[in-house]
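Below is start-v7.cif, which holds mmCIF, C-alpha atoms and all ligand atoms.
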data_entry
#
loop_
_atom_site.label_atom_id
_atom_site.label_comp_id
_atom_site.auth_asym_id
_atom_site.auth_seq_id
_atom_site.Cartn_x
_atom_site.Cartn_y
_atom_site.Cartn_z
CA MET A 1 0.00 0.00 0.00
CA LYS A 2 1.11 3.60 -0.64
CA LYS A 3 0.29 6.21 2.00
CA HIS A 4 1.16 9.86 2.21
CA ILE A 5 1.63 11.22 5.72
CA ALA A 6 1.78 14.84 6.84
CA LEU A 7 4.34 15.37 9.59
CA VAL A 8 3.85 18.25 12.01
CA PRO A 9 6.81 18.00 14.42
CA GLY A 10 6.12 21.32 16.20
CA ASP A 11 8.24 22.59 19.08
CA GLY A 12 10.41 21.45 21.99
CA ILE A 13 10.78 17.65 22.00
CA GLY A 14 8.29 17.41 19.09
CA PRO A 15 10.85 17.10 16.26
CA ASP A 16 12.91 14.51 18.18
CA ILE A 17 10.03 12.18 19.01
CA VAL A 18 8.52 12.47 15.52
CA ALA A 19 11.91 11.52 14.01
CA GLU A 20 11.90 8.29 16.07
CA ALA A 21 8.33 7.46 15.06
CA VAL A 22 9.20 7.96 11.37
CA LYS A 23 12.20 5.67 11.84
CA VAL A 24 9.85 2.94 13.08
CA LEU A 25 7.31 3.62 10.32
CA ASP A 26 10.00 3.24 7.65
CA VAL A 27 11.00 -0.15 9.04
CA VAL A 28 7.34 -1.25 9.06
CA GLY A 29 7.10 -0.13 5.43
CA LYS A 30 10.10 -2.24 4.41
CA LYS A 31 9.03 -5.27 6.40
CA PHE A 32 5.42 -5.32 5.20
CA GLY A 33 5.92 -3.95 1.69
CA HIS A 34 4.29 -0.53 2.07
CA THR A 35 5.53 2.82 0.83
CA PHE A 36 5.13 5.70 3.26
CA THR A 37 5.93 9.15 1.91
CA TYR A 38 6.05 12.34 3.95
CA ASP A 39 5.66 16.08 3.79
CA THR A 40 6.68 18.16 6.79
CA TYR A 41 4.69 21.21 7.87
CA LEU A 42 5.21 24.00 10.38
CA ALA A 43 2.72 24.56 13.19
CA GLY A 44 2.96 26.15 16.63
CA GLY A 45 5.85 28.26 17.87
CA CYS A 46 8.15 27.38 14.97
CA ALA A 47 5.45 28.59 12.56
CA ILE A 48 5.09 31.85 14.51
CA ASP A 49 8.83 32.38 14.17
CA ALA A 50 8.78 31.63 10.43
CA THR A 51 5.50 33.20 9.33
CA GLY A 52 4.06 35.24 12.21
CA LYS A 53 1.11 32.84 12.56
CA PRO A 54 0.82 29.52 14.48
CA LEU A 55 -1.12 27.79 11.70
CA SER A 56 -0.88 28.66 8.02
CA GLU A 57 -3.39 27.74 5.32
CA GLU A 58 -0.64 25.73 3.69
CA THR A 59 -0.26 23.52 6.78
CA LEU A 60 -4.00 22.99 7.20
CA ALA A 61 -4.46 22.27 3.49
CA GLY A 62 -1.44 19.94 3.37
CA CYS A 63 -2.65 17.98 6.39
CA SER A 64 -6.22 17.81 5.06
CA LYS A 65 -5.17 16.30 1.75
CA SER A 66 -2.80 13.73 3.28
CA ASP A 67 -3.82 10.18 4.16
CA SER A 68 -3.13 10.95 7.81
CA VAL A 69 -1.22 13.31 10.08
CA LEU A 70 1.44 12.71 12.74
CA LEU A 71 1.87 15.57 15.20
CA GLY A 72 4.63 15.98 17.81
CA ALA A 73 3.77 18.82 20.19
CA VAL A 74 3.47 22.60 20.11
CA GLY A 75 4.20 25.44 22.51
CA GLY A 76 6.87 26.59 24.89
CA PRO A 77 7.92 29.45 27.15
CA LYS A 78 9.33 31.43 24.21
CA TRP A 79 5.78 32.12 23.02
CA ASP A 80 4.01 32.43 26.37
CA LYS A 81 3.60 36.20 26.00
CA VAL A 82 2.15 36.31 22.47
CA ALA A 83 -1.48 37.41 22.05
CA SER A 84 -4.03 34.76 23.04
CA ASP A 85 -5.26 34.11 19.50
CA LEU A 86 -1.74 33.76 18.14
CA ARG A 87 -0.40 31.30 20.72
CA PRO A 88 1.22 28.08 19.42
CA GLU A 89 -1.55 25.98 21.01
CA LYS A 90 -4.06 27.67 18.69
CA ALA A 91 -2.47 25.70 15.85
CA LEU A 92 -3.56 22.48 17.48
CA LEU A 93 -7.13 23.70 17.89
CA GLY A 94 -7.07 24.97 14.30
CA LEU A 95 -5.98 21.55 13.02
CA ARG A 96 -8.47 19.62 15.17
CA GLY A 97 -11.37 21.99 14.49
CA GLY A 98 -10.40 22.62 10.86
CA MET A 99 -10.36 18.92 10.03
CA GLY A 100 -13.41 18.03 12.15
CA LEU A 101 -11.50 15.64 14.43
CA PHE A 102 -14.14 15.43 17.15
CA CYS A 103 -13.22 12.03 18.59
CA ASN A 104 -9.99 11.69 20.55
CA LEU A 105 -9.04 8.22 21.75
CA ARG A 106 -6.49 8.07 24.56
CA PRO A 107 -5.73 4.50 25.62
CA ALA A 108 -4.14 4.27 29.07
CA ILE A 109 -2.51 0.85 29.13
CA LEU A 110 -0.04 -0.19 31.81
CA TYR A 111 2.60 -2.46 30.31
CA LYS A 112 3.26 -5.15 32.91
CA GLN A 113 7.00 -4.42 32.60
CA LEU A 114 6.35 -0.91 33.94
CA ALA A 115 4.49 -1.94 37.11
CA ASP A 116 7.32 -0.43 39.21
CA ALA A 117 7.13 2.89 37.35
CA CYS A 118 3.44 3.21 38.25
CA PRO A 119 3.09 5.33 41.41
CA LEU A 120 0.09 3.30 42.64
CA LYS A 121 0.54 0.21 44.78
CA ASN A 122 0.54 -3.06 42.84
CA GLU A 123 -2.59 -4.33 44.58
CA ILE A 124 -4.52 -1.21 43.52
CA VAL A 125 -3.53 -1.21 39.89
CA GLY A 126 -3.44 -5.00 39.50
CA GLU A 127 -2.48 -6.67 36.24
CA GLY A 128 -3.47 -5.37 32.85
CA LEU A 129 -4.80 -1.88 33.51
CA ASP A 130 -6.48 -0.83 30.26
CA ILE A 131 -8.68 2.27 30.15
CA MET A 132 -9.86 3.99 26.98
CA VAL A 133 -10.55 7.69 27.43
CA VAL A 134 -12.88 8.95 24.69
CA ARG A 135 -12.49 12.71 24.71
CA GLU A 136 -14.70 15.14 22.79
CA LEU A 137 -12.19 17.28 20.86
CA THR A 138 -13.82 20.05 18.84
CA GLY A 139 -16.36 21.57 21.22
CA GLY A 140 -16.81 22.80 24.77
CA ILE A 141 -14.81 25.51 26.48
CA TYR A 142 -11.93 25.27 23.97
CA PHE A 143 -14.16 26.44 21.14
CA GLY A 144 -16.88 28.49 22.90
CA GLU A 145 -17.32 32.24 23.00
CA ARG A 146 -14.36 33.82 24.72
CA GLY A 147 -12.97 37.22 25.35
CA ARG A 148 -11.45 39.84 27.53
CA ASP A 149 -13.30 42.96 28.53
CA GLY A 150 -11.41 45.28 30.83
CA ASP A 151 -11.09 43.55 34.18
CA LYS A 152 -13.25 40.63 33.05
CA ALA A 153 -12.21 37.56 31.05
CA TYR A 154 -14.45 34.68 30.01
CA ASP A 155 -14.54 31.34 28.22
CA THR A 156 -17.79 29.57 27.49
CA MET A 157 -18.50 25.86 27.68
CA SER A 158 -21.30 25.11 25.25
CA TYR A 159 -22.44 21.94 23.53
CA THR A 160 -25.20 21.07 21.09
CA THR A 161 -27.16 17.84 21.18
CA ALA A 162 -25.56 16.75 17.90
CA GLU A 163 -22.03 17.31 19.21
CA ILE A 164 -22.73 15.31 22.36
CA GLU A 165 -24.59 12.53 20.58
CA ARG A 166 -21.84 11.73 18.08
CA ILE A 167 -19.09 11.41 20.71
CA VAL A 168 -21.27 9.51 23.18
CA ARG A 169 -22.17 7.04 20.40
CA LYS A 170 -18.42 6.51 19.83
CA GLY A 171 -18.08 5.78 23.55
CA PHE A 172 -20.85 3.16 23.42
CA GLU A 173 -19.52 1.56 20.23
CA ILE A 174 -16.01 1.28 21.66
CA ALA A 175 -17.35 -0.13 24.94
CA GLN A 176 -19.27 -2.78 22.96
CA LYS A 177 -15.98 -4.04 21.55
CA ARG A 178 -14.30 -4.06 24.99
CA LYS A 179 -15.54 -4.95 28.47
CA LYS A 180 -18.91 -3.31 27.82
CA ARG A 181 -18.63 -0.74 30.62
CA LEU A 182 -19.04 2.95 29.90
CA THR A 183 -18.45 5.70 32.46
CA SER A 184 -19.72 9.09 31.41
CA VAL A 185 -17.93 11.90 33.24
CA ASP A 186 -19.58 15.29 33.66
CA LYS A 187 -20.36 18.04 36.15
CA ALA A 188 -24.14 17.76 35.90
CA ASN A 189 -24.59 18.95 39.48
CA ILE A 190 -23.62 22.43 38.30
CA LEU A 191 -23.16 22.84 34.52
CA ASN A 192 -26.04 23.15 32.04
CA SER A 193 -23.93 21.61 29.28
CA SER A 194 -23.31 18.59 31.54
CA GLN A 195 -27.02 18.23 32.29
CA LEU A 196 -27.69 18.02 28.55
CA TRP A 197 -24.75 15.60 28.23
CA ARG A 198 -26.20 13.30 30.91
CA GLU A 199 -29.70 13.38 29.37
CA ILE A 200 -28.26 12.30 26.04
CA VAL A 201 -26.20 9.49 27.57
CA GLU A 202 -29.31 8.20 29.36
CA HIS A 203 -31.38 8.48 26.19
CA LEU A 204 -28.82 6.62 24.04
CA ALA A 205 -28.24 3.89 26.64
CA SER A 206 -31.41 2.07 25.53
CA GLU A 207 -29.85 1.59 22.08
CA TYR A 208 -26.85 -0.18 23.63
CA PRO A 209 -28.46 -2.54 26.17
CA ASP A 210 -25.33 -4.71 26.31
CA VAL A 211 -23.29 -1.81 27.75
CA ALA A 212 -23.42 -1.03 31.48
CA VAL A 213 -23.43 2.74 31.93
CA ASN A 214 -22.64 4.82 34.97
CA HIS A 215 -22.17 8.55 35.54
CA LEU A 216 -19.50 10.22 37.64
CA TYR A 217 -18.93 13.85 38.44
CA VAL A 218 -15.51 14.87 37.19
CA ASP A 219 -14.09 15.64 40.64
CA ASN A 220 -15.08 12.18 41.87
CA ALA A 221 -13.76 10.60 38.64
CA ALA A 222 -10.35 12.20 39.23
CA MET A 223 -10.29 10.71 42.72
CA GLN A 224 -11.60 7.26 41.61
CA LEU A 225 -8.84 7.02 38.98
CA VAL A 226 -6.20 6.76 41.68
CA ARG A 227 -8.38 5.04 44.30
CA ASN A 228 -9.53 2.18 42.08
CA PRO A 229 -8.57 2.54 38.40
CA ARG A 230 -9.68 -1.01 37.62
CA GLN A 231 -13.34 0.03 37.84
CA PHE A 232 -12.94 1.80 34.47
CA ASP A 233 -13.23 0.36 30.97
CA VAL A 234 -14.28 3.23 28.68
CA ILE A 235 -14.58 6.82 29.90
CA VAL A 236 -16.46 9.27 27.67
CA THR A 237 -16.27 12.94 28.49
CA GLU A 238 -16.18 16.49 27.20
CA ASN A 239 -13.10 18.26 25.91
CA MET A 240 -11.47 19.82 28.99
CA PHE A 241 -12.41 17.06 31.45
CA GLY A 242 -10.88 14.56 29.00
CA ASP A 243 -7.71 16.64 28.74
CA ILE A 244 -7.20 16.63 32.49
CA LEU A 245 -8.26 13.04 33.22
CA SER A 246 -6.08 11.63 30.44
CA ASP A 247 -2.95 13.28 31.88
CA GLU A 248 -3.89 11.76 35.24
CA ALA A 249 -4.51 8.33 33.71
CA SER A 250 -1.21 8.51 31.83
CA GLN A 251 0.81 8.62 35.02
CA ILE A 252 -0.80 5.34 36.14
CA THR A 253 0.84 3.78 33.08
CA GLY A 254 4.25 4.95 34.35
CA SER A 255 4.62 8.21 32.45
CA ILE A 256 2.86 10.68 30.20
CA GLY A 257 5.58 9.70 27.72
CA MET A 258 3.76 6.38 27.19
CA LEU A 259 0.33 7.64 26.10
CA PRO A 260 -0.58 7.87 22.40
CA SER A 261 -3.76 9.26 20.90
CA ALA A 262 -5.88 9.23 17.77
CA SER A 263 -7.96 12.24 16.77
CA LEU A 264 -10.66 11.03 14.41
CA ARG A 265 -13.56 12.44 12.44
CA GLY A 266 -15.56 9.26 11.93
CA ASP A 267 -14.10 7.98 8.65
CA SER A 268 -10.61 6.57 8.23
CA PHE A 269 -8.83 9.94 8.35
CA GLY A 270 -7.07 10.95 11.53
CA MET A 271 -4.37 12.95 13.24
CA TYR A 272 -2.14 11.01 15.63
CA GLU A 273 -0.47 12.74 18.54
CA PRO A 274 1.10 11.80 21.87
CA ILE A 275 -1.00 13.30 24.67
CA HIS A 276 1.96 15.10 26.21
CA GLY A 277 3.27 18.53 25.32
CA SER A 278 6.55 19.93 24.06
CA ALA A 279 8.28 19.30 27.43
CA PRO A 280 10.44 22.45 27.32
CA ASP A 281 12.23 21.35 30.52
CA ILE A 282 13.87 18.42 28.67
CA ALA A 283 13.90 19.67 25.06
CA GLY A 284 17.13 19.13 23.13
CA MET A 285 18.56 16.73 25.75
CA ASP A 286 17.86 13.41 23.99
CA ILE A 287 16.04 12.09 27.07
CA ALA A 288 12.36 12.40 26.06
CA ASN A 289 10.43 9.16 25.77
CA PRO A 290 9.44 8.59 22.11
CA ILE A 291 7.11 5.65 22.91
CA ALA A 292 3.88 7.72 23.06
CA THR A 293 4.59 8.95 19.52
CA ILE A 294 5.65 5.51 18.28
CA LEU A 295 2.44 4.02 19.71
CA SER A 296 0.51 6.85 18.02
CA VAL A 297 1.91 5.57 14.73
CA ALA A 298 0.59 2.11 15.64
CA MET A 299 -2.84 3.71 16.13
CA MET A 300 -2.49 5.40 12.72
CA LEU A 301 -1.81 2.06 11.05
CA ARG A 302 -4.77 0.47 12.83
CA TYR A 303 -7.41 3.21 12.54
CA SER A 304 -6.49 5.01 9.31
CA PHE A 305 -4.88 2.28 7.18
CA SER A 306 -6.52 -0.92 8.58
CA MET A 307 -3.03 -2.41 8.99
CA GLU A 308 -3.75 -4.44 12.11
CA SER A 309 -0.72 -6.77 11.91
CA GLU A 310 1.59 -3.83 11.33
CA ALA A 311 0.13 -1.96 14.32
CA ALA A 312 0.45 -5.05 16.51
CA ALA A 313 4.06 -5.50 15.34
CA ILE A 314 4.94 -2.03 16.66
CA GLU A 315 3.20 -2.68 19.97
CA ASP A 316 5.01 -6.05 20.30
CA SER A 317 8.34 -4.37 19.60
CA VAL A 318 7.73 -1.81 22.33
CA SER A 319 6.89 -4.65 24.68
CA LYS A 320 10.04 -6.58 23.71
CA VAL A 321 12.29 -3.56 24.31
CA LEU A 322 10.69 -3.05 27.73
CA ASP A 323 11.13 -6.79 28.42
CA ALA A 324 14.82 -6.40 27.67
CA GLY A 325 15.01 -3.76 30.41
CA TYR A 326 15.52 -0.60 28.34
CA ARG A 327 14.00 2.56 29.83
CA THR A 328 14.05 6.28 29.09
CA ALA A 329 14.55 8.48 32.17
CA ASP A 330 10.82 9.05 32.79
CA ILE A 331 10.11 5.31 33.20
CA TYR A 332 13.48 4.33 34.66
CA THR A 333 13.51 2.20 37.80
CA GLU A 334 16.43 0.63 39.63
CA SER A 335 18.64 -1.88 37.78
CA MET A 336 17.11 -1.12 34.37
CA LYS A 337 19.15 0.08 31.39
CA LYS A 338 18.78 3.81 30.84
CA VAL A 339 18.64 4.94 27.20
CA GLY A 340 17.99 8.21 25.41
CA THR A 341 15.35 9.19 22.84
CA LYS A 342 17.31 8.06 19.77
CA GLU A 343 18.49 4.81 21.27
CA MET A 344 14.94 3.92 22.33
CA GLY A 345 13.77 4.59 18.76
CA ASP A 346 16.59 2.45 17.36
CA LEU A 347 15.82 -0.42 19.73
CA ILE A 348 12.13 -0.47 18.82
CA ALA A 349 12.95 -0.26 15.10
CA GLN A 350 15.43 -3.16 15.47
CA ALA A 351 12.95 -5.25 17.44
CA LEU A 352 10.66 -5.14 14.40
P1 LIG B 401 4.22 18.64 28.99
O1 LIG B 401 3.37 17.46 28.71
O2 LIG B 401 4.99 19.22 27.89
O3 LIG B 401 5.23 18.28 30.18
C1 LIG B 401 4.81 17.89 31.46
C2 LIG B 401 5.92 17.12 32.16
O4 LIG B 401 6.01 15.82 31.55
C3 LIG B 401 7.30 17.75 32.01
O5 LIG B 401 8.03 17.55 33.18
C4 LIG B 401 7.92 17.00 30.85
O6 LIG B 401 9.32 16.93 30.88
C5 LIG B 401 7.30 15.61 31.01
N1 LIG B 401 7.16 14.94 29.71
C6 LIG B 401 6.26 15.24 28.74
N2 LIG B 401 6.44 14.45 27.68
C7 LIG B 401 7.48 13.64 27.97
C8 LIG B 401 8.15 12.60 27.26
N3 LIG B 401 7.79 12.22 26.02
N4 LIG B 401 9.18 11.98 27.86
C9 LIG B 401 9.56 12.31 29.11
N5 LIG B 401 8.96 13.28 29.84
C10 LIG B 401 7.93 13.94 29.27
O7 LIG B 401 3.24 19.73 29.64
P2 LIG B 401 3.52 21.26 30.07
O8 LIG B 401 4.89 21.39 30.63
O9 LIG B 401 2.37 21.65 30.85
O10 LIG B 401 3.46 22.07 28.70
C11 LIG B 401 4.59 22.46 27.96
C12 LIG B 401 4.13 23.08 26.65
O11 LIG B 401 3.52 22.09 25.83
C13 LIG B 401 3.09 24.18 26.82
O12 LIG B 401 3.35 25.18 25.88
C14 LIG B 401 1.78 23.49 26.51
O13 LIG B 401 0.78 24.34 26.06
C15 LIG B 401 2.22 22.53 25.43
N6 LIG B 401 1.39 21.35 25.26
C16 LIG B 401 1.22 20.93 23.98
C17 LIG B 401 0.53 19.76 23.74
C18 LIG B 401 0.40 19.29 22.32
O14 LIG B 401 0.99 19.88 21.43
N7 LIG B 401 -0.35 18.24 22.06
C19 LIG B 401 0.03 19.02 24.81
C20 LIG B 401 0.22 19.49 26.11
C21 LIG B 401 0.91 20.65 26.33
C1 LIG B 402 -3.45 18.09 24.74
C2 LIG B 402 -3.00 19.51 25.06
C3 LIG B 402 -3.85 20.50 24.32
C4 LIG B 402 -5.29 20.34 24.81
C5 LIG B 402 -3.43 21.98 24.41
C6 LIG B 402 -1.98 22.18 24.13
C7 LIG B 402 -4.28 22.82 23.51
O1 LIG B 402 -3.01 19.71 26.44
O2 LIG B 402 -3.42 17.71 23.56
O3 LIG B 402 -3.80 17.36 25.65
O4 LIG B 402 -5.64 20.87 25.87
O5 LIG B 402 -6.05 19.68 24.12
MN MN B 403 -3.39 17.92 27.57
#
Translate the structure of the given file into structure tokens.
Ligand code: NAD
Ligand code: IPM
Ligand code: MN
Amino acid sequence: MKKHIALVPGDGIGPDIVAEAVKVLDVVGKKFGHTFTYDTYLAGGCAIDATGKPLSEETLAGCSKSDSVLLGAVGGPKWDKVASDLRPEKALLGLRGGMGLFCNLRPAILYKQLADACPLKNEIVGEGLDIMVVRELTGGIYFGERGRDGDKAYDTMSYTTAEIERIVRKGFEIAQKRKKRLTSVDKANILNSSQLWREIVEHLASEYPDVAVNHLYVDNAAMQLVRNPRQFDVIVTENMFGDILSDEASQITGSIGMLPSASLRGDSFGMYEPIHGSAPDIAGMDIANPIATILSVAMMLRYSFSMESEAAAIEDSVSKVLDAGYRTADIYTESMKKVGTKEMGDLIAQAL
């Protein structure tokens, strides 16, 4: 198969982790007889430096016409003082919103080899922690009416029935293929948009009688994630709650550097991105963990290209390298072998 991929490395550790993921993708191509071609686009802080804007039409158009997109991360302290609408992070929202990528899948899977890197006690996390966070990605407070008016600033969380229904349906459909448990997370004790959200979940539940549904308020959900993470199978939630809970869930897997994501619009097209940011504190040091980005490529192969064996081959290689005791600094525990970003990429590519 021939596939054309848009690369958006971004800022900070973004270019380094994307380079490792491309290394792995090229080996998959050779091994399975596929041709992957690439175009690289600017977005985020690097685009501000080059063009004055975080997201150009060229980048959005190039990504839109590709077969899929791989994004590193955007942002950093260098651009923290630029005007709100020109911040690097706006590029990410422009790409997600501009391409209609409303469904963000963030699988929090604890590799058994990383049990010691998980901050929770073994008996709490148990074996085989596997939670799928289904995050709404193009609505809510990120995209609502916002502004600054003298000494007042505001951001609005608003949702339509259609926006809620399409993401909640994804949650149910994914739960049907897993352990058939769906937890909807909201703040329906206070927010109107959450009350609508909960009504829709309850209404749709009758169409998915095989799925057991429960509702949690987001504050309780954040607590339950560390009290008893095994109660969760699929979590479906709005944009900002999903952002926060997925960072929390990622640490249970050992590190935020382990968590990939797929941002989908309902057909085979998608943008694939680690859930972490540009990690300015470790940028340029060759210590960032590239696994979240490499696993994002596995998700690309699975969801956009229907290459299930190829995706599984990447995941197996990651597992083998962890079995062999190799760890980047973020997942390092005593007596393991510490490696840098490039070496981790090489090891995973070789294991293929
Ligand atoms: P961050 O995720 O960049 O970093 C949080 C902490 O996790 C840091 O200590 C960092 O070193 C560590 N970390 C992150 N990724 C890692 C990896 N792969 N390997 C090892 N350690 C890793 O979050 P932040 O510091 O809050 O944000 C930094 C910048 O990134 C900000 O400008 C923010 O807006 C941006 N950001 C971008 C994205 C994105 O592009 N998708 C996501 C989150 C944050
Ligand atoms: C993420 C990031 C982004 C988000 C920011 C950088 C806009 O935190 O991808 O999780 O909040 O969605
Ligand atoms: Mn985030």
Which residues of chain A come within 10 Å of ligand LIG 402 (chain B), and what is each one's closest atom pair and distance in Å (one decimal), counting only C-alpha atoms and all ligand atoms, sorted by chain and residue number, as a Markdown table?
| residue | atom | partner | partner_atom | distance |
| --- | --- | --- | --- | --- |
| A:Gly44 | CA | B:LIG402 | C6 | 9.8 |
| A:Ala73 | CA | B:LIG402 | C6 | 7.7 |
| A:Val74 | CA | B:LIG402 | C6 | 6.8 |
| A:Gly75 | CA | B:LIG402 | C6 | 7.2 |
| A:Gly76 | CA | B:LIG402 | C6 | 9.9 |
| A:Arg87 | CA | B:LIG402 | C7 | 9.7 |
| A:Pro88 | CA | B:LIG402 | C6 | 8.2 |
| A:Glu89 | CA | B:LIG402 | C7 | 4.9 |
| A:Lys90 | CA | B:LIG402 | C7 | 6.8 |
| A:Ala91 | CA | B:LIG402 | C7 | 8.4 |
| A:Leu92 | CA | B:LIG402 | C7 | 6.1 |
| A:Leu93 | CA | B:LIG402 | C7 | 6.4 |
| A:Gly94 | CA | B:LIG402 | C7 | 9.9 |
| A:Arg96 | CA | B:LIG402 | O5 | 9.3 |
| A:Asn104 | CA | B:LIG402 | O2 | 9.4 |
| A:Arg106 | CA | B:LIG402 | O3 | 9.7 |
| A:Arg135 | CA | B:LIG402 | O5 | 9.5 |
| A:Glu136 | CA | B:LIG402 | O5 | 9.9 |
| A:Leu137 | CA | B:LIG402 | O5 | 7.4 |
| A:Thr138 | CA | B:LIG402 | O5 | 9.4 |
| A:Tyr142 | CA | B:LIG402 | O4 | 7.9 |
| A:Asn239 | CA | B:LIG402 | O5 | 7.4 |
| A:Met240 | CA | B:LIG402 | O4 | 6.7 |
| A:Phe241 | CA | B:LIG402 | O4 | 9.6 |
| A:Gly242 | CA | B:LIG402 | O3 | 8.3 |
| A:Asp243 | CA | B:LIG402 | O3 | 5.0 |
| A:Ile244 | CA | B:LIG402 | O3 | 7.7 |
| A:Leu245 | CA | B:LIG402 | O3 | 9.8 |
| A:Ser246 | CA | B:LIG402 | O3 | 7.8 |
| A:Asp247 | CA | B:LIG402 | O3 | 7.5 |
| A:Ser261 | CA | B:LIG402 | O2 | 8.9 |
| A:Ser263 | CA | B:LIG402 | O2 | 9.8 |
| A:Glu273 | CA | B:LIG402 | O2 | 7.7 |
| A:Pro274 | CA | B:LIG402 | O2 | 7.6 |
| A:Ile275 | CA | B:LIG402 | O3 | 5.0 |
| A:His276 | CA | B:LIG402 | O3 | 6.2 |
| A:Gly277 | CA | B:LIG402 | C2 | 6.4 |
| A:Ser278 | CA | B:LIG402 | C6 | 8.8 |
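Of the listed residues A:Thr253, A:Ser268, A:Asn220, A:Thr328, the one whose atoms come nearest to Asn189 (chain A) is A:Asn220, with distances taken using only C-alpha atoms.
CA of Glu127 (chain A) is positioned 8.5 Å from CA of Ala115 (chain A).
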Review point. What's the 9 Å shell around Ile167 (chain A), counting only C-alpha atoms, without same-chain residues fewer than 2 positions away, as a ChimeraX atom specification?
Key: /A:102-103,134-136,162-165,169-172,236-238
Which residues of region 69-117 of chain A sit at most 12 Å from region 146-156 of chain A, using all atoms listed in the file? Give each one's shortest atom pair and distance in Å (one decimal place), in chain and ascending residue order, as a tab-separated table.
residue	atom	partner	partner_atom	distance
A:Ala83	CA	A:Arg148	CA	11.6
A:Ser84	CA	A:Gly147	CA	9.6
A:Asp85	CA	A:Gly147	CA	10.2
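Note that the spacing between CA of Val339 (chain A) and atom O6 of ligand LIG 401 (chain B) amounts to 15.6 Å.
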Check your understanding: Residues at most 10 Å from Met99 (chain A), counting only C-alpha atoms, excluding those fewer than 6 positions away in the same chain, as a list in words?
Key ->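 In the requested form, the answer reads Leu60, Ala61, Cys63, Ser64, Leu93, Thr138, Ser263, Leu264, Arg265, Phe269, Gly270 and Met271 of chain A.
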Point to revise | Point-to-point distance from atom C15 of ligand LIG 401 (chain B) to CA of Pro77 (chain A), Å rounded to tenths | key: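 Value for the atom C15 of ligand LIG 401 (chain B)-CA of Pro77 (chain A) distance: 9.1 Å.
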Missing atoms in region 181-195 of chain A need filling: write out N, CA and C atoms for it as an mmCIF file, keeping the file's coordinate frame.
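The resulting result_37.cif:
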data_model
loop_
_atom_site.group_PDB
_atom_site.id
_atom_site.type_symbol
_atom_site.label_atom_id
_atom_site.label_comp_id
_atom_site.auth_asym_id
_atom_site.auth_seq_id
_atom_site.Cartn_x
_atom_site.Cartn_y
_atom_site.Cartn_z
ATOM 1 N N ARG A 181 -18.331 -1.654 29.503
ATOM 2 C CA ARG A 181 -18.630 -0.740 30.620
ATOM 3 C C ARG A 181 -18.286 0.670 30.180
ATOM 4 N N LEU A 182 -19.256 1.562 30.308
ATOM 5 C CA LEU A 182 -19.040 2.950 29.900
ATOM 6 C C LEU A 182 -19.285 3.871 31.085
ATOM 7 N N THR A 183 -18.281 4.680 31.418
ATOM 8 C CA THR A 183 -18.450 5.700 32.460
ATOM 9 C C THR A 183 -18.492 7.053 31.782
ATOM 10 N N SER A 184 -19.604 7.747 31.955
ATOM 11 C CA SER A 184 -19.720 9.090 31.410
ATOM 12 C C SER A 184 -19.353 10.074 32.522
ATOM 13 N N VAL A 185 -18.414 10.956 32.221
ATOM 14 C CA VAL A 185 -17.930 11.900 33.240
ATOM 15 C C VAL A 185 -18.431 13.306 32.910
ATOM 16 N N ASP A 186 -19.042 13.944 33.893
ATOM 17 C CA ASP A 186 -19.580 15.290 33.660
ATOM 18 C C ASP A 186 -19.554 16.100 34.955
ATOM 19 N N LYS A 187 -20.197 17.227 34.941
ATOM 20 C CA LYS A 187 -20.360 18.040 36.150
ATOM 21 C C LYS A 187 -21.815 18.497 36.147
ATOM 22 N N ALA A 188 -22.710 17.474 36.076
ATOM 23 C CA ALA A 188 -24.140 17.760 35.900
ATOM 24 C C ALA A 188 -24.783 18.331 37.160
ATOM 25 N N ASN A 189 -24.045 18.317 38.277
ATOM 26 C CA ASN A 189 -24.590 18.950 39.480
ATOM 27 C C ASN A 189 -24.473 20.472 39.421
ATOM 28 N N ILE A 190 -23.782 20.971 38.364
ATOM 29 C CA ILE A 190 -23.620 22.430 38.300
ATOM 30 C C ILE A 190 -23.722 22.987 36.885
ATOM 31 N N LEU A 191 -23.235 22.261 35.868
ATOM 32 C CA LEU A 191 -23.160 22.840 34.520
ATOM 33 C C LEU A 191 -24.357 22.444 33.643
ATOM 34 N N ASN A 192 -24.938 23.427 32.978
ATOM 35 C CA ASN A 192 -26.040 23.150 32.040
ATOM 36 C C ASN A 192 -25.595 22.206 30.932
ATOM 37 N N SER A 193 -24.389 22.447 30.398
ATOM 38 C CA SER A 193 -23.930 21.610 29.280
ATOM 39 C C SER A 193 -23.777 20.156 29.739
ATOM 40 N N SER A 194 -23.424 19.944 31.003
ATOM 41 C CA SER A 194 -23.310 18.590 31.540
ATOM 42 C C SER A 194 -24.690 17.955 31.753
ATOM 43 N N GLN A 195 -25.671 18.788 32.103
ATOM 44 C CA GLN A 195 -27.020 18.230 32.290
ATOM 45 C C GLN A 195 -27.552 17.720 30.950
#
